[in-house]
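Below is one structure, written out as structure tokens; comments come after it.
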Amino acid sequence: MATMGWARGLGLGLLAWCVGVALQLQQEALWSVMGYAVMLALALVFGLPLRRMAKPAWLGALAWCLVWAAASFAFTGLHAHTRSAAIDPALEGQDLDVVGVVQAMPQRQDLGWRFRFQVEQAWRVDKTGVAHVVNLPSSLPSQVYLGWYGQDGTHDSGWNTSPLPEPVKAGERWRLRVRLKAPHGNMNPRGFDYELWLWEQGIRATGYVRSGAKDPAPVRLASTWAHPIEAWRQSVRDRLLAHLSAAGAASNPDAARLAGIVAALVTGDQAAIDRSDWDVFRATGVAHLMSISGLHVTMFAWLASALVAWCWRHSALWGFAGALRWPAAHVGALSGWGLAGFYALFSGWGVPAQRTLWMLGVVVLLKVSARHWHGALVWLLAGSVVLAWDPWALLQPGFWLSFVAVGVLMASGSHRQAQGPDAPERAEGDAPAWRVGSLRLSLMHRLGAHSFQGSGHAVLHKSLALLREQATVTLALAPLTLLFFGQVSVVGLLANLLAIPWVTLVVTPLAMLGVVWSGAWVLALWALQPMSSFLAWLATLPMASVSTAIAPWGLAVLALLGAVGLVLKVPLSWKLLCLPLLWPVLFWTPARPLAGTFELLAPDVGQGNAVLVRTAKHSLLYDAGPRYSAESDAGHRVLVPLLAQMGERIDVLMLSHRDSDHTGGAAAVLAMQPQAVLWSSLEDEHVLHRTRPGWTRCQVGQSWEWDGVLFEVLHPQAPMAAQTGAPVSKGPKPNAVSCVLRISNSQSSVLLAGDIEAPQEQALVQQGLLPVDLLLVPHHGSKTSSTGPFLQALEPKLALVQAGYRNRFAHPAEAVVTRYHQQGIVLVTSIQCGAALWQSQTPQRVQCERVLARRYWHHVIPP
């Protein structure tokens, strides 16, 4: 009884620890170090005695949970304070000369490199060329994330740089001229939190290398041994890509694409995988197999442990070790964990690999200590250790998917069923402890040593057990998958049943063998080809994946409980009661505006325009955001995920003009929304018109009504619109033919003005402008727009600027900001607001995502 009480108390404490971490992650701002230290001291000094004195027993249990929760809350806050402060705002955008070392293997981008850089010395260069020493780390963090892009002309993100002389290598010391800024990302509803990712990585400034004609050339000072594993990792990746490119150039047209997958499996370079392949992997539910993650670390640990244990048993040291009580199982477990740590380092020491390593460390410790804990207790202990090491893992989908999958397997009893009727009885908690890593470990346990020895009946039994486990996890994780990604793969069960053993037992071992024998990489590439073709075929099947609007957290939790209930060993009547819990998530529809009203959602897309207009039954997207690079745009990164999670069907995509900061994401949006009608002022021969032949040209006088809301095109004039078919050099400037759209109902009105400039504003004033409640600031707040007469005619109460943080155009211009303030107009910028939501029922208020979702790791922009 005493043991049971101790185990129950530890379980409650561990659960309370996780709750305390979750509560601390909701803080908008950190307390002082002293505040957290006092809280931790009070919890330890007064909480434990209170727990002993509390009567009755439930009050003591409550006090015990409060102690653990308060301790974890304070510990997480203190942990957050170990992160260095962000860059001094006075240094943002300044020319800095820095000397430092490339920390990690650079990631090849379409136009250059991205890499982590450890700053050792820094100087600020003033306008006269005089260098001033910068204090580290009080003013400048020691770890920054740099881009070095080579291109003739101007990069879409605003960097005008010269071509790279040669690749950057990990461990090299360089002297660079850079411009840095605070870690700042786009903030959209349920979008990727780039600032959280930077925080978790310990990166407190980002920037780019300047290498223009007026800048000193970057200088490689020396090759160091500061990061030998990263340097080796990079050399392996470069050798792999070069070898496969040469070997498959003639005989295999897909060699370059498949080589990226092999590189990801060996070195963890996920950027090497083509975006089209990622789309296929997500649609078929096998994305977790195609890059080094916790699954691969667990698999490597199991294989290494089994191999070392076998060698230990058959070595001459076995008798001597036996005398010293070094069992082969313990030696294998410790060795497997150590080798898995080396593998995690080689794969880039990513956060998922770190989480898995510490989780496996808990399991190994229990194994070698001969303690047989209940599986649920091991599960809670592993989760608590992971959160103590990396509290922000709690906000990552991978954490939840991994631990929920393991918990479901243990709760459903799959680990006991899979042993078979003739399997030896195990101590309670042993099998689930080794399953804490992932379903991959379960599969390896089935397919590993001795799994298929015995009769055909045993083989069939174990094969059915594998199918049952995969189906159990697929069903149980479906609600979480819909919650995090808005998509669940219907063909995922079949795809995983075939891909897991093929990638685990064939492709990955061959890819790893290639480190010592390059020929194995060619074999891995050929092994990938049939699987890649099969997955691509699966992804094209009707209903291969189901996408739904993302339901609120509460409904997702209910659906998760329902899915778990369906896979547990409970009576059929209970399972039937669980079915209704799945319904809200599968058929969730976000609330739409009432008839006669409308709303605007301006996503945070950086330096560009994109505005979603919704009425009771219709939707219009005005512009599609910028193109960030040759392989990345606002469509893929922001708009497509946002529209999917909202369950939106776009009726009209209106592109104001052809500048890439307005049309960059259009192709991705049109591919996702085949029913959308294209309106634009683009030239007739534009590539987007070829993909959507039934397009309509914007011109003044066009209007329509949706659900009691009036849409009117105010610009361009018909003759000017007709000229856009002429060559660009002879036609009007793109800004001059921007589609200007007025939206109104009986109470409120909005004007979306594109990039019109002073002449077009004057023409609109002359033809007559009615006042509006909200104005999308023309040309992102450029000096060439927002003239006084234009603002006086419109009399907007609110004005919204969509611009990128520290953009190269300095939008919005100070003179324009002053002009809006002088007119008494409230100016809202996406830089400080993030995604902005405006509703016609409350025309004087804008909801800002940066305010609603603010957390302490988010960048606070000075006024």
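Chain lettering (A, B, ...) mirrors the order of the structure tokens, residue numbering begins at 1 for each chain separately, and ligand numbering begins at 1 in order of display.
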
* **Distance query A:Arg692 at most 9 Å, only C-alpha atoms, self and fewer than 4 positions along chain excluded, as a VMD selection string** => chain A and resid 670 674 677 to 678 687 to 688

Create the file for the chosen residues now, containing N, CA and C atoms and written as a PDB file, in the first residue's frame.
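selection-v1.pdb, freshly written:
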ATOM      1  N   LEU A 670      -4.883  30.224 -56.260  1.00  0.00           N
ATOM      2  CA  LEU A 670      -5.726  29.745 -57.353  1.00  0.00           C
ATOM      3  C   LEU A 670      -5.676  28.224 -57.469  1.00  0.00           C
ATOM      4  N   PRO A 674      -9.891  26.346 -57.007  1.00  0.00           N
ATOM      5  CA  PRO A 674     -10.159  26.303 -58.458  1.00  0.00           C
ATOM      6  C   PRO A 674     -11.458  26.983 -58.863  1.00  0.00           C
ATOM      7  N   VAL A 677     -12.998  33.115 -59.192  1.00  0.00           N
ATOM      8  CA  VAL A 677     -12.953  33.923 -60.412  1.00  0.00           C
ATOM      9  C   VAL A 677     -11.873  34.991 -60.236  1.00  0.00           C
ATOM     10  N   LEU A 678     -11.044  35.156 -61.239  1.00  0.00           N
ATOM     11  CA  LEU A 678      -9.930  36.098 -61.165  1.00  0.00           C
ATOM     12  C   LEU A 678     -10.328  37.439 -61.760  1.00  0.00           C
ATOM     13  N   VAL A 687       1.092  35.448 -67.006  1.00  0.00           N
ATOM     14  CA  VAL A 687       1.040  34.003 -66.801  1.00  0.00           C
ATOM     15  C   VAL A 687      -0.180  33.582 -65.989  1.00  0.00           C
ATOM     16  N   LEU A 688      -0.627  34.398 -65.059  1.00  0.00           N
ATOM     17  CA  LEU A 688      -1.802  34.047 -64.266  1.00  0.00           C
ATOM     18  C   LEU A 688      -3.063  33.999 -65.113  1.00  0.00           C
TER      19      LEU A 688
END

* **Residues near A:Leu510, cut-off 8 Å, only C-alpha atoms, skip fewer than 4 positions along chain, as number ranges by chain** => A: 506, 514, 520-521, 523-524

Export N, CA and C atoms of the chosen residues as an mmCIF file, in the first residue's frame?
data_model
loop_
_atom_site.group_PDB
_atom_site.id
_atom_site.type_symbol
_atom_site.label_atom_id
_atom_site.label_comp_id
_atom_site.auth_asym_id
_atom_site.auth_seq_id
_atom_site.Cartn_x
_atom_site.Cartn_y
_atom_site.Cartn_z
ATOM 1 N N VAL A 506 15.056 -0.547 -45.086
ATOM 2 C CA VAL A 506 15.778 -0.549 -46.361
ATOM 3 C C VAL A 506 16.420 0.807 -46.632
ATOM 4 N N GLY A 514 25.869 4.779 -46.562
ATOM 5 C CA GLY A 514 26.552 5.606 -47.544
ATOM 6 C C GLY A 514 27.609 6.524 -46.954
ATOM 7 N N ALA A 520 26.216 2.987 -51.481
ATOM 8 C CA ALA A 520 24.944 2.703 -50.815
ATOM 9 C C ALA A 520 23.939 3.831 -51.019
ATOM 10 N N TRP A 521 24.413 5.045 -51.227
ATOM 11 C CA TRP A 521 23.495 6.149 -51.471
ATOM 12 C C TRP A 521 22.737 5.946 -52.779
ATOM 13 N N LEU A 523 21.958 3.057 -54.060
ATOM 14 C CA LEU A 523 20.970 2.025 -53.773
ATOM 15 C C LEU A 523 19.783 2.608 -52.999
ATOM 16 N N ALA A 524 20.062 3.508 -52.043
ATOM 17 C CA ALA A 524 18.977 4.147 -51.294
ATOM 18 C C ALA A 524 18.106 4.980 -52.214
#

* Can you work out which one of A:Gly834, A:Pro796, A:Gly565, A:Pro530 has the shortest atom-to-atom distance to A:Leu258, counting only C-alpha atoms? =>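 Closest to A:Leu258, using only C-alpha atoms: A:Pro530.
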
* At what distance in Å, to one decimal, does atom CA of A:Leu198 lie from atom CA of A:Tyr145? ->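 Separation between atom CA of A:Tyr145 and atom CA of A:Leu198: 8.9 Å.
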
* **Every residue of stretch 653-841 of chain A that DSSP places in strand (DSSP E), as a PyMOL selection string** => chain A and resi 653-655+677-680+696-697+703-706+709-715+740-744+749-752+774-776+798-801+826-829+836-839

* To do: Would you list the contacts of stretch 236-240 of chain A as a list in words, taking every protein, DNA or RNA residue within 7 Å and counting only C-alpha atoms, but skipping same-chain residues closer than 5 positions in sequence?
  => Ala263, Thr267 and Val515 of chain A

Excluding A:Thr829 and any residue of its chain fewer than 4 positions from it, enumerate the residues within 6 Å of it, using only C-alpha atoms, and give them as a compact mmCIF listing (two decimals) with all heavy atoms, in the first residue's frame.
# COMPACT_ATOMS: atom_id res chain seq x y z
N LEU A 800 -5.42 51.22 -42.22
CA LEU A 800 -4.62 50.02 -42.01
C LEU A 800 -3.45 49.99 -42.99
O LEU A 800 -3.65 50.12 -44.20
CB LEU A 800 -5.50 48.78 -42.20
CG LEU A 800 -4.81 47.42 -42.12
CD1 LEU A 800 -4.23 47.20 -40.73
CD2 LEU A 800 -5.78 46.31 -42.48
N VAL A 801 -2.25 49.81 -42.45
CA VAL A 801 -1.04 49.70 -43.26
C VAL A 801 -0.54 48.26 -43.21
O VAL A 801 -0.31 47.72 -42.13
CB VAL A 801 0.07 50.64 -42.76
CG1 VAL A 801 1.32 50.49 -43.62
CG2 VAL A 801 -0.40 52.08 -42.76
N CYS A 833 0.43 45.20 -35.19
CA CYS A 833 -0.87 44.56 -34.96
C CYS A 833 -0.86 43.09 -35.33
O CYS A 833 -1.58 42.29 -34.74
CB CYS A 833 -1.94 45.30 -35.77
SG CYS A 833 -3.61 44.66 -35.62

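What separates atom CA of A:Met299 from atom CA of A:Ala170 is a distance of 27.3 Å.
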
List every residue of stretch 451-544 of chain A that has an atom at most 8 Å from any atom of stretch 279-285 of chain A, giving for each one its closest atom pair and the distance in Å to one decimal, counting only C-alpha atoms, sorted by chain and then by ascending residue number, as a tab-separated table.
residue	atom	partner	partner_atom	distance
A:Val488	CA	A:Gly285	CA	7.5
A:Ser489	CA	A:Gly285	CA	5.5
A:Val490	CA	A:Thr284	CA	7.6
A:Val491	CA	A:Thr284	CA	5.8
A:Gly492	CA	A:Gly285	CA	4.7
A:Leu493	CA	A:Gly285	CA	8.0
A:Ala495	CA	A:Thr284	CA	6.2
A:Asn496	CA	A:Gly285	CA	7.2
A:Leu535	CA	A:Thr284	CA	6.7
A:Ala536	CA	A:Val280	CA	6.0
A:Leu538	CA	A:Thr284	CA	6.9
A:Ala539	CA	A:Ala283	CA	5.8
A:Ala544	CA	A:Ala283	CA	6.7

Using the selection just defined, write its residues with C-alpha atoms as an mmCIF file, in the first residue's frame.
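The resulting file, out-v1.cif, is shown below:
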data_model
loop_
_atom_site.group_PDB
_atom_site.id
_atom_site.type_symbol
_atom_site.label_atom_id
_atom_site.label_comp_id
_atom_site.auth_asym_id
_atom_site.auth_seq_id
_atom_site.Cartn_x
_atom_site.Cartn_y
_atom_site.Cartn_z
ATOM 1 C CA VAL A 488 -5.977 14.166 -41.931
ATOM 2 C CA SER A 489 -4.798 11.551 -44.395
ATOM 3 C CA VAL A 490 -7.413 8.933 -45.286
ATOM 4 C CA VAL A 491 -4.779 6.818 -47.050
ATOM 5 C CA GLY A 492 -2.321 7.284 -44.187
ATOM 6 C CA LEU A 493 -2.944 3.832 -42.719
ATOM 7 C CA ALA A 495 0.822 4.452 -46.724
ATOM 8 C CA ASN A 496 2.399 3.981 -43.293
ATOM 9 C CA LEU A 535 2.941 7.727 -52.508
ATOM 10 C CA ALA A 536 2.454 10.220 -55.343
ATOM 11 C CA LEU A 538 -1.924 7.614 -53.393
ATOM 12 C CA ALA A 539 -1.953 11.397 -52.999
ATOM 13 C CA ALA A 544 -6.747 10.915 -50.176
#
